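First comes the structure, then the notes that go with it.
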Amino acid sequence: MKFFLDTADIADIKKYAAWGIVDGVTTNPSIIAKGGVNLEQRIKEIAEIVEGPISAEVISEDAEGMITEGRRIAKWDENVYVKVPMTSEGLKAVSVFSKEGIHTNVTLVFSVTQAVMAAKAGATLVSPFVGRLDDISEDEMQLIADIVHVFRNYGYDTQVLAASIRHPKHIVDCMMCGADIATMPPELFDKLASHPLTDKGLVAFLKDWEKVKDKQ
Ligand code: E4P
């Protein structure tokens with residue numbers, strides 16, 4: 001499964017890119033607002049660091065506006081994916097982008113039927129929101145499993161990007177369900193990589209090594 005960072009923070013992106021595990025980056029208007037940055041400038045900065053897909057979201061609500069915005073966004077870098085909300089206007093825009101060879105990430109997906117509609121319109125990625133369903137006690141992993149199953153049944157090329165990830169168990173469950181990608185906040189990478197028994201074991205190894213280090 002590919003791991004994307006769900007952030008626009010350059011320091012975090014550089015930090016985890018150095019680990020060799022960042023396959024792409026997702027942003028949304030809230031993430032950009034949190035950073036207080038210019039979207040175009042920041043996406044171009046991210047593209048200098050990460051080689052994989054970088055999602056930048058349109059903010060228009062009508063298809064015409066989305067198409068104008070998306071065409072402009074797609075020119076920022078060859079790896080930029082235009083993020084489009086899962087609305088009927090969004091579907092129209094995705095259909096146009098698909099014909100023009102512009103990669104898309106359809107966001108705010110909360111049902112199998114929405115995912116299928118996005119795939120049929122030609123979306124490159126669909127983003128079901130795991131955490132926001134979990135927050136309201138919905139079966140978020142059943143949604144991921146069902147979308148993966150249906151896409152396989154019908155041979156859709158659209159990839160399933162599990163978004164709104166909150167904790168390591170979400171990642172493990174998404175992998176078990178066959179999601180293609182998961183996008184997660186930076187601090188989750190630390191949680192995925194660490195284990196108290198690793199830390200304890202390392203302390204013991206280094207302590208024992210002290211006993212024989214003069215003999216080396
Ligand atoms: C990514 O594409 C989504 O915008 C993001 O994962 C949403 O996460 P949140 O539910 O934590 O805001």
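Here's how to read the names in the structure tokens: chain A, B, ... by the order shown, residue numbers from 1 in each chain, ligand numbers from 1 in the order shown.
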Which chains and residue numbers are within 10 Å of ligand 1, counting only C-alpha atoms and all ligand atoms, if I want them as a PyMOL selection string? chain A and resi 4-7+25-31+55-57+83+85+105-109+126-135+161-166+182-185
Need to verify the contact set: stretch 191-196 of chain A, 9 Å, only C-alpha atoms, exclusion of same-chain residues closer than 3 positions in sequence. Can you return it as a compact mmCIF listing (two decimals) with N, CA, C and O atoms, in the first residue's frame?
# COMPACT_ATOMS: atom_id res chain seq x y z
N HIS A 167 -5.48 6.64 13.28
CA HIS A 167 -4.57 5.87 14.14
C HIS A 167 -4.04 4.63 13.40
O HIS A 167 -4.58 4.26 12.34
N PRO A 168 -3.00 3.98 13.95
CA PRO A 168 -2.37 2.85 13.26
C PRO A 168 -3.33 1.71 12.91
O PRO A 168 -3.18 1.07 11.86
N ILE A 171 -4.75 2.02 9.59
CA ILE A 171 -3.83 1.67 8.50
C ILE A 171 -3.81 0.15 8.30
O ILE A 171 -3.92 -0.34 7.17
N GLU A 187 2.33 12.74 12.21
CA GLU A 187 2.67 12.06 13.48
C GLU A 187 2.34 10.57 13.46
O GLU A 187 2.89 9.79 14.23
N LEU A 188 1.49 10.18 12.55
CA LEU A 188 1.13 8.76 12.47
C LEU A 188 2.30 7.91 11.97
O LEU A 188 2.44 6.73 12.34
N ASP A 199 12.43 -0.35 21.48
CA ASP A 199 13.21 0.58 22.31
C ASP A 199 13.86 -0.16 23.48
O ASP A 199 15.05 0.02 23.76
N LYS A 200 13.08 -1.01 24.13
CA LYS A 200 13.60 -1.77 25.28
C LYS A 200 14.74 -2.69 24.84
O LYS A 200 15.78 -2.79 25.49
N GLY A 201 14.53 -3.36 23.72
CA GLY A 201 15.54 -4.29 23.21
C GLY A 201 16.83 -3.58 22.86
O GLY A 201 17.93 -4.08 23.15
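We find atom CA of A:Lys99 and atom CA of A:Val80 to be spaced 16.4 Å apart.
The coordinates place atom CA of A:Ile54 at 17.1 Å from atom CA of A:Ala18.
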Rounded to one decimal place, report the atom CA of A:Ala17-atom CA of A:Glu48 distance in Å.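 So the answer is 11.2 Å.
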DSSP on the backbone, helix (DSSP H, G or I) only: what residues of stretch 21-209 of chain A does that give? Format it as JSON, numbers by chain. {"A": [29, 30, 31, 32, 33, 34, 35, 39, 40, 41, 42, 43, 44, 45, 46, 47, 48, 49, 63, 64, 65, 66, 67, 68, 69, 70, 71, 72, 73, 74, 88, 89, 90, 91, 92, 93, 94, 95, 96, 97, 98, 99, 112, 113, 114, 115, 116, 117, 118, 119, 120, 121, 130, 131, 132, 133, 134, 135, 140, 141, 142, 143, 144, 145, 146, 147, 148, 149, 150, 151, 152, 153, 154, 168, 169, 170, 171, 172, 173, 174, 175, 176, 177, 186, 187, 188, 189, 190, 191, 192, 193, 196, 197, 198, 199, 200, 201, 202, 203, 204, 205, 206, 207, 208, 209]}
Save out the residues we just selected, C-alpha atoms, as a CSV table (one decimal), in the first residue's frame.
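Writing done, so here's out_23.csv:
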chain,number,residue,atom,x,y,z
A,29,PRO,CA,-8.5,23.9,1.9
A,30,SER,CA,-8.4,23.3,5.7
A,31,ILE,CA,-4.8,22.1,5.6
A,32,ILE,CA,-3.7,25.1,3.5
A,33,ALA,CA,-5.6,27.5,5.8
A,34,LYS,CA,-4.0,25.9,8.8
A,35,GLY,CA,-0.6,26.6,7.3
A,39,LEU,CA,-1.6,27.1,-2.4
A,40,GLU,CA,0.3,27.3,-5.7
A,41,GLN,CA,3.5,28.2,-4.1
A,42,ARG,CA,3.2,25.5,-1.5
A,43,ILE,CA,2.3,22.8,-4.0
A,44,LYS,CA,5.3,23.7,-6.1
A,45,GLU,CA,7.5,23.5,-3.0
A,46,ILE,CA,6.1,20.1,-2.1
A,47,ALA,CA,6.7,18.9,-5.7
A,48,GLU,CA,10.4,19.7,-5.3
A,49,ILE,CA,10.6,17.2,-2.4
A,63,ALA,CA,-18.3,22.5,-12.8
A,64,GLU,CA,-17.2,25.4,-15.0
A,65,GLY,CA,-15.3,27.0,-12.1
A,66,MET,CA,-13.8,23.6,-11.1
A,67,ILE,CA,-12.6,23.0,-14.7
A,68,THR,CA,-11.0,26.4,-15.0
A,69,GLU,CA,-9.3,26.0,-11.6
A,70,GLY,CA,-8.3,22.4,-12.2
A,71,ARG,CA,-6.7,23.2,-15.6
A,72,ARG,CA,-4.6,25.9,-13.9
A,73,ILE,CA,-3.7,23.6,-10.9
A,74,ALA,CA,-2.7,20.8,-13.3
A,88,SER,CA,-22.8,16.2,-9.3
A,89,GLU,CA,-20.9,19.3,-10.5
A,90,GLY,CA,-17.7,17.6,-9.4
A,91,LEU,CA,-18.5,14.5,-11.6
A,92,LYS,CA,-19.0,16.8,-14.6
A,93,ALA,CA,-15.6,18.3,-14.0
A,94,VAL,CA,-13.9,14.9,-13.4
A,95,SER,CA,-15.4,13.7,-16.7
A,96,VAL,CA,-13.8,16.6,-18.5
A,97,PHE,CA,-10.4,16.2,-16.7
A,98,SER,CA,-10.4,12.5,-17.5
A,99,LYS,CA,-10.7,13.2,-21.2
A,112,VAL,CA,-19.9,2.8,-2.3
A,113,THR,CA,-22.3,4.4,-4.8
A,114,GLN,CA,-20.4,7.7,-4.6
A,115,ALA,CA,-17.1,5.8,-5.2
A,116,VAL,CA,-18.6,4.1,-8.2
A,117,MET,CA,-20.0,7.3,-9.7
A,118,ALA,CA,-16.6,8.9,-9.4
A,119,ALA,CA,-14.9,5.9,-11.0
A,120,LYS,CA,-17.4,5.9,-13.9
A,121,ALA,CA,-16.7,9.6,-14.5
A,130,VAL,CA,-12.4,6.7,7.2
A,131,GLY,CA,-12.0,8.8,10.4
A,132,ARG,CA,-15.0,10.9,9.9
A,133,LEU,CA,-17.2,7.8,9.6
A,134,ASP,CA,-15.5,6.3,12.6
A,135,ASP,CA,-16.2,9.5,14.5
A,140,GLU,CA,-15.7,2.7,8.1
A,141,MET,CA,-13.7,-0.4,7.2
A,142,GLN,CA,-16.7,-2.1,5.6
A,143,LEU,CA,-16.9,0.9,3.3
A,144,ILE,CA,-13.3,0.5,2.3
A,145,ALA,CA,-13.7,-3.3,1.8
A,146,ASP,CA,-16.9,-2.8,-0.2
A,147,ILE,CA,-15.4,-0.2,-2.6
A,148,VAL,CA,-12.3,-2.3,-3.2
A,149,HIS,CA,-14.5,-5.4,-3.8
A,150,VAL,CA,-16.8,-3.5,-6.2
A,151,PHE,CA,-13.9,-1.9,-8.2
A,152,ARG,CA,-12.3,-5.4,-8.6
A,153,ASN,CA,-15.7,-6.9,-9.6
A,154,TYR,CA,-16.0,-4.5,-12.5
A,168,PRO,CA,-2.4,2.8,13.3
A,169,LYS,CA,-5.2,0.4,13.5
A,170,HIS,CA,-6.9,2.2,10.6
A,171,ILE,CA,-3.8,1.7,8.5
A,172,VAL,CA,-3.6,-2.0,9.3
A,173,ASP,CA,-7.3,-2.5,8.6
A,174,CYS,CA,-7.1,-0.6,5.3
A,175,MET,CA,-4.2,-2.8,4.2
A,176,MET,CA,-6.3,-5.9,5.1
A,177,CYS,CA,-9.1,-4.5,3.0
A,186,PRO,CA,2.7,13.2,9.8
A,187,GLU,CA,2.7,12.1,13.5
A,188,LEU,CA,1.1,8.8,12.5
A,189,PHE,CA,4.3,7.8,10.7
A,190,ASP,CA,6.1,7.8,14.1
A,191,LYS,CA,3.4,5.6,15.6
A,192,LEU,CA,3.6,3.1,12.7
A,193,ALA,CA,7.4,2.8,12.9
A,196,PRO,CA,8.2,-0.2,23.0
A,197,LEU,CA,9.8,-3.6,22.7
A,198,THR,CA,12.1,-2.3,20.0
A,199,ASP,CA,13.2,0.6,22.3
A,200,LYS,CA,13.6,-1.8,25.3
A,201,GLY,CA,15.5,-4.3,23.2
A,202,LEU,CA,17.9,-1.7,21.9
A,203,VAL,CA,18.7,-0.3,25.4
A,204,ALA,CA,19.5,-3.9,26.5
A,205,PHE,CA,21.8,-4.5,23.4
A,206,LEU,CA,23.7,-1.3,23.9
A,207,LYS,CA,24.1,-1.9,27.7
A,208,ASP,CA,25.5,-5.4,27.1
A,209,TRP,CA,27.8,-4.0,24.4
Nearest to A:Asp23 by atom-to-atom distance, counting only C-alpha atoms, from A:Asn38, A:Asn79, A:Ser60, A:Ser137: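 Closest candidate: A:Asn79.
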